[in-house]
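S.K.: Just dropping this structure here.
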Amino acid sequence: MVLRVCFLFIVCLLLPACSFDSAPATPTVAAMPVDLSAIADAEYRLLAEIYESASPSVVNIEARTDADETTAESVRRGSGFVYDQRGHIITNAHLVNDADAINVTLGNALVLEAALVGADSFSDVAVVNVSAPAERLLPLRIGESAMIKVGQRAIAIGNPFGLNSSMTTGIVSGVGRTLPSAELIGAGAVAYDNPAIIQIDAPIYPGSSGGPLLDSRGLVFGMTTANQSLSGEIAGIGFAVPADTMRRVIPDLLTTGRVDYAWMGISVMREEGGYGVAGLSAALDLPTERGVLLRGVSAGSPAHVAGLRGGDRLIDVRGKTVCAGGDLIVAINEFHFDDLDALMAYLVQQTRPGDDITLLVIRDRRTLEVSLQLESRPAAEGPPLLGCEDPP
């Protein structure tokens with residue numbers, strides 16, 4: 001009997017699961033591998049550090065329009081961020097345009113009256129100014145957006161629903177998008193598409209518009225501007241003004257309060273639905289799948305003076321009338337582009353009125369260089385188009 005007990009005791013020493021108690025062992029959840037948890041912790045530490053560094057620079061914008069005989073008082077709320085220690089704040093033009101009073105709340109809860117320095121409705125960028133001690137103003141650095149890639153991290157900080165300094169994260173889900181804009185100046189209005197817009201999946205809630213969009217280094221590569229949803233709900237696609245556009249327009253707003261954009265005076269068929277050069281190349285026997293096919297040029301415009309030609313005949317392509325026979329522009333200043341959006345992005349971000357540019361043009365399968373001098377973009381409807389008599 002003694003030998004049996006000793007044998008059982010020795011076996012239990014060799015088998016850790018052995019127990020003199022009849023109750024089963026309590027199951028436990030296995031711990032995450034150390035390397036995986038370290039990677040996850042590094043991600044959250046990065047986001048936490050970017051938030052801690054950038055959030056004091058994000059401000060709350062409140063723009064009030066006073067009541068009159070026909071309209072009630074209205075208040076628009078959004079976000080912005082500190083640009084420099086002279087008190088300049090960057091925000092959306094649609095928040096502060098036509099406002100009778102603008103208040104800015106800094107990250108330290110200091111509320112200040114702001115004056116509008118300048119606003120550009122086309123890019124939806126505005127600059128306001130506050131009087132505050134320099135040590136209370138922590139500027140963010142505006143980076144570059146030309147090399148933004150789909151899939152890279154997008155960190156948005158704003159004030160959704162008045163909740164100060166809230167952060168949402170996601171990725172860049174599209175680049176080179178366009179958003180329609182209209183500047184109502186003078187008697188008429190011309191609608192222009194704002195090019196190079198960044199599309200993100202980071203949520204943009206009411207009140208977040210105007211806040212910075214940051215990369216993994218904490219640099220501003222965009223400013224949130226709009227949210228689009230087919231269902232009408234808040235969740236949807238977010239859009240941001242690219243940093244390169246801000247770098248182009250902010251100096252003008254600081255010096256003159258407005259932005260003067262370059263203009264060639266060309267007209268191009270809408271490219272949606274496969275009616276850009278790539279989609280028309282086979283049907284029109286074009287020698288390339290890249291570039292911009294001219295529908296017409298404005299009479300007296302730089303394009304007209306330089307000798308560029310619009311289309312000369314209408315043909316049917318997949319059930320849609322297309323203006324054919326016009327010049328095909330494939331490059332500007334040796335920058336080759338795929339479509340009109342890329343051409344417009346170059347004009348907006350890289351040129352100014354008065355600049356001399358050189359276009360690479362294909363006409364009747366011959367390649368030629370055309371030089372022209374850019375003019376200021378007209379605010380009202382300009383001269384008639386020279387091209388197809390009945391443009392689509």
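Letters for chains follow the order of the structure tokens (A, B, ...), residue numbers begin at 1 for each chain, and ligand numbers begin at 1 in the order shown.
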Which residues are close to region 302-305 of chain A, i.e. within 12 Å by only C-alpha atoms, leaving aside same-chain residues fewer than 6 positions away? Reply as a PyMOL selection string.

M.R.: chain A and resi 262-267+294+296+327+329+353-359+361+370-377+383-387

S.K.: Which residues in region 93-187 of chain A does DSSP call strand (DSSP E or B)? List them as a ChimeraX atom specification.

M.R.: /A:101-105,111-120,125-129,142,153-158,166-184

S.K.: Which residue is closest to Ala126 (chain A)? Choose from A:Val348, A:Ala299, A:Met223, A:Ala72 and count only C-alpha atoms.

M.R.: A:Met223

S.K.: Skipping near chain neighbours, those fewer than 4 positions away, what residues fall within 8 Å of region 341-344 of chain A using only C-alpha atoms, listed as a PDB file with C-alpha atoms, in the first residue's frame?

M.R.:
```pdb
ATOM      1  CA  GLY A 176      -7.195  63.500 -57.675  1.00  0.00           C
ATOM      2  CA  ARG A 177     -10.917  63.894 -57.023  1.00  0.00           C
ATOM      3  CA  THR A 178     -12.823  67.028 -58.020  1.00  0.00           C
ATOM      4  CA  PRO A 195      -9.037  69.538 -58.610  1.00  0.00           C
ATOM      5  CA  ALA A 196      -6.640  67.280 -56.700  1.00  0.00           C
ATOM      6  CA  ILE A 332       2.432  71.346 -70.015  1.00  0.00           C
ATOM      7  CA  PHE A 337      -0.794  64.272 -67.585  1.00  0.00           C
ATOM      8  CA  VAL A 348      -4.005  75.716 -59.907  1.00  0.00           C
TER       9      VAL A 348
END
```

S.K.: Go ahead and compute the interatomic distance for CA of Val128 (chain A) and CA of Ile50 (chain A), in Å to one decimal.

M.R.: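 Between these atoms lies a distance of 24.8 Å.
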
S.K.: So, counting only C-alpha atoms, which residue among A:Asp193, A:Asp316, A:Asp252, A:Asp260 is closest to Leu280 (chain A)?

M.R.: A:Asp316

S.K.: CA of Thr70 (chain A) and CA of Gly210 (chain A), how far apart in Å?

M.R.: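 Going from CA of Gly210 (chain A) over to CA of Thr70 (chain A), I get 28.6 Å.
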
S.K.: Which residue is closest to Leu293 (chain A)? Choose from A:Gln349, A:Phe335, A:Val125, A:Leu340 and count only C-alpha atoms.

M.R.: A:Leu340

S.K.: Between CA of Leu95 (chain A) and CA of Ser208 (chain A), measure the distance and give it in Å to one decimal.

M.R.: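 Computing it gives 11.1 Å between the two atoms.
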
S.K.: Could you give me, as a tab-separated table (two decimals) with N, CA, C and O atoms, in the first residue's frame, each residue of region 19-190 of chain A that DSSP assigns to helix (DSSP H, G or I) when run on this structure's backbone?

M.R.:
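Output below, filename selection34.tsv:
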```tsv
chain	number	residue	atom	x	y	z
A	34	VAL	N	4.18	38.34	-27.89
A	34	VAL	CA	4.81	39.61	-27.50
A	34	VAL	C	5.05	40.51	-28.70
A	34	VAL	O	4.82	41.72	-28.64
A	35	ASP	N	5.48	39.96	-29.85
A	35	ASP	CA	5.80	40.79	-31.00
A	35	ASP	C	4.55	41.45	-31.57
A	35	ASP	O	4.57	42.62	-31.97
A	36	LEU	N	3.41	40.75	-31.59
A	36	LEU	CA	2.16	41.33	-32.10
A	36	LEU	C	1.65	42.44	-31.20
A	36	LEU	O	1.21	43.49	-31.67
A	37	SER	N	1.66	42.24	-29.92
A	37	SER	CA	1.18	43.27	-28.99
A	37	SER	C	2.09	44.49	-29.05
A	37	SER	O	1.63	45.63	-28.91
A	38	ALA	N	3.37	44.29	-29.26
A	38	ALA	CA	4.29	45.42	-29.35
A	38	ALA	C	3.98	46.26	-30.58
A	38	ALA	O	4.03	47.50	-30.53
A	39	ILE	N	3.65	45.60	-31.70
A	39	ILE	CA	3.30	46.33	-32.92
A	39	ILE	C	2.03	47.15	-32.69
A	39	ILE	O	1.95	48.33	-33.07
A	40	ALA	N	1.01	46.53	-32.07
A	40	ALA	CA	-0.23	47.24	-31.80
A	40	ALA	C	0.00	48.41	-30.86
A	40	ALA	O	-0.53	49.51	-31.06
A	41	ASP	N	0.80	48.21	-29.83
A	41	ASP	CA	1.09	49.29	-28.88
A	41	ASP	C	1.83	50.43	-29.58
A	41	ASP	O	1.59	51.61	-29.27
A	42	ALA	N	2.72	50.11	-30.50
A	42	ALA	CA	3.46	51.15	-31.22
A	42	ALA	C	2.51	52.00	-32.06
A	42	ALA	O	2.66	53.23	-32.15
A	43	GLU	N	1.52	51.36	-32.69
A	43	GLU	CA	0.53	52.09	-33.48
A	43	GLU	C	-0.23	53.07	-32.61
A	43	GLU	O	-0.39	54.26	-32.96
A	44	TYR	N	-0.71	52.62	-31.47
A	44	TYR	CA	-1.50	53.50	-30.60
A	44	TYR	C	-0.62	54.58	-29.99
A	44	TYR	O	-1.07	55.71	-29.79
A	45	ARG	N	0.62	54.27	-29.69
A	45	ARG	CA	1.52	55.29	-29.15
A	45	ARG	C	1.76	56.39	-30.17
A	45	ARG	O	1.81	57.57	-29.84
A	46	LEU	N	1.91	55.98	-31.45
A	46	LEU	CA	2.10	56.97	-32.51
A	46	LEU	C	0.90	57.91	-32.59
A	46	LEU	O	1.06	59.15	-32.63
A	47	LEU	N	-0.30	57.34	-32.63
A	47	LEU	CA	-1.51	58.17	-32.71
A	47	LEU	C	-1.64	59.08	-31.49
A	47	LEU	O	-2.00	60.26	-31.61
A	48	ALA	N	-1.34	58.54	-30.32
A	48	ALA	CA	-1.45	59.33	-29.10
A	48	ALA	C	-0.45	60.49	-29.11
A	48	ALA	O	-0.79	61.61	-28.69
A	49	GLU	N	0.76	60.23	-29.60
A	49	GLU	CA	1.77	61.28	-29.63
A	49	GLU	C	1.41	62.37	-30.65
A	49	GLU	O	1.61	63.57	-30.40
A	50	ILE	N	0.87	61.96	-31.81
A	50	ILE	CA	0.46	62.95	-32.81
A	50	ILE	C	-0.68	63.80	-32.27
A	50	ILE	O	-0.69	65.03	-32.42
A	51	TYR	N	-1.64	63.16	-31.61
A	51	TYR	CA	-2.74	63.92	-31.03
A	51	TYR	C	-2.24	64.90	-29.97
A	51	TYR	O	-2.63	66.07	-29.95
A	52	GLU	N	-1.38	64.42	-29.08
A	52	GLU	CA	-0.86	65.28	-28.01
A	52	GLU	C	-0.10	66.47	-28.57
A	52	GLU	O	-0.16	67.58	-28.03
A	53	SER	N	0.60	66.25	-29.67
A	53	SER	CA	1.39	67.32	-30.27
A	53	SER	C	0.53	68.30	-31.07
A	53	SER	O	0.74	69.51	-31.00
A	54	ALA	N	-0.45	67.78	-31.83
A	54	ALA	CA	-1.19	68.62	-32.78
A	54	ALA	C	-2.46	69.24	-32.21
A	54	ALA	O	-2.86	70.33	-32.63
A	55	SER	N	-3.13	68.58	-31.29
A	55	SER	CA	-4.43	69.06	-30.83
A	55	SER	C	-4.40	70.47	-30.23
A	55	SER	O	-5.37	71.22	-30.39
A	56	PRO	N	-3.33	70.89	-29.53
A	56	PRO	CA	-3.34	72.28	-29.02
A	56	PRO	C	-3.37	73.33	-30.13
A	56	PRO	O	-3.68	74.50	-29.86
A	57	SER	N	-3.04	72.93	-31.37
A	57	SER	CA	-3.04	73.87	-32.49
A	57	SER	C	-4.39	73.94	-33.19
A	57	SER	O	-4.58	74.81	-34.05
A	93	ALA	N	-13.41	78.42	-46.21
A	93	ALA	CA	-14.07	79.65	-46.66
A	93	ALA	C	-15.57	79.58	-46.43
A	93	ALA	O	-16.20	80.60	-46.09
A	94	HIS	N	-16.16	78.39	-46.61
A	94	HIS	CA	-17.62	78.31	-46.49
A	94	HIS	C	-18.09	78.54	-45.05
A	94	HIS	O	-19.29	78.78	-44.82
A	95	LEU	N	-17.18	78.47	-44.08
A	95	LEU	CA	-17.55	78.72	-42.69
A	95	LEU	C	-17.63	80.21	-42.38
A	95	LEU	O	-18.46	80.64	-41.58
A	96	VAL	N	-16.76	81.00	-42.98
A	96	VAL	CA	-16.60	82.40	-42.57
A	96	VAL	C	-17.03	83.41	-43.61
A	96	VAL	O	-17.09	84.61	-43.31
A	134	ALA	N	2.07	85.24	-28.46
A	134	ALA	CA	2.70	84.26	-29.34
A	134	ALA	C	2.84	82.90	-28.69
A	134	ALA	O	2.71	81.86	-29.35
A	135	GLU	N	3.08	82.88	-27.36
A	135	GLU	CA	3.29	81.60	-26.68
A	135	GLU	C	2.02	80.76	-26.62
A	135	GLU	O	2.08	79.56	-26.34
A	136	ARG	N	0.87	81.38	-26.88
A	136	ARG	CA	-0.39	80.62	-26.89
A	136	ARG	C	-0.74	80.11	-28.28
A	136	ARG	O	-1.74	79.44	-28.46
A	160	PRO	N	-16.17	68.02	-33.75
A	160	PRO	CA	-17.50	67.55	-34.16
A	160	PRO	C	-18.54	67.81	-33.07
A	160	PRO	O	-18.32	67.52	-31.90
A	161	PHE	N	-19.67	68.39	-33.50
A	161	PHE	CA	-20.78	68.67	-32.58
A	161	PHE	C	-20.32	69.51	-31.38
A	161	PHE	O	-20.88	69.41	-30.29
A	162	GLY	N	-19.28	70.33	-31.58
A	162	GLY	CA	-18.78	71.16	-30.50
A	162	GLY	C	-17.90	70.44	-29.50
A	162	GLY	O	-17.50	71.02	-28.49
```

S.K.: Just want the 7 Å neighbourhood of Gly222 (chain A), counted on only C-alpha atoms, with same-chain residues fewer than 4 positions away dropped. Output as a list in words.

M.R.: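 Selected residues are Pro212, Leu213, Ala240, Val241, Pro242 and Ala243 of chain A.
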
S.K.: Go through A:Asp312, A:Asp285, A:Glu144, A:Asp215 and flag the residue nearest Asp244 (chain A), using only C-alpha atoms for the distances.

M.R.: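 Closest to Asp244 (chain A), using only C-alpha atoms: A:Glu144.
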
S.K.: Given only C-alpha atoms as the basis, pick out the residue of A:Leu140, A:Leu284, A:Asn129, A:Ile89 nearest to Leu214 (chain A).

M.R.: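 For Leu214 (chain A), the nearest of the candidates is A:Leu140.
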
S.K.: Counting only C-alpha atoms, what is within 6 Å of region 74-84 of chain A, bar same-chain residues fewer than 3 positions away, as a VMD selection string?

M.R.: chain A and resid 57 to 65 88 to 91 139 158 to 159 207 to 211
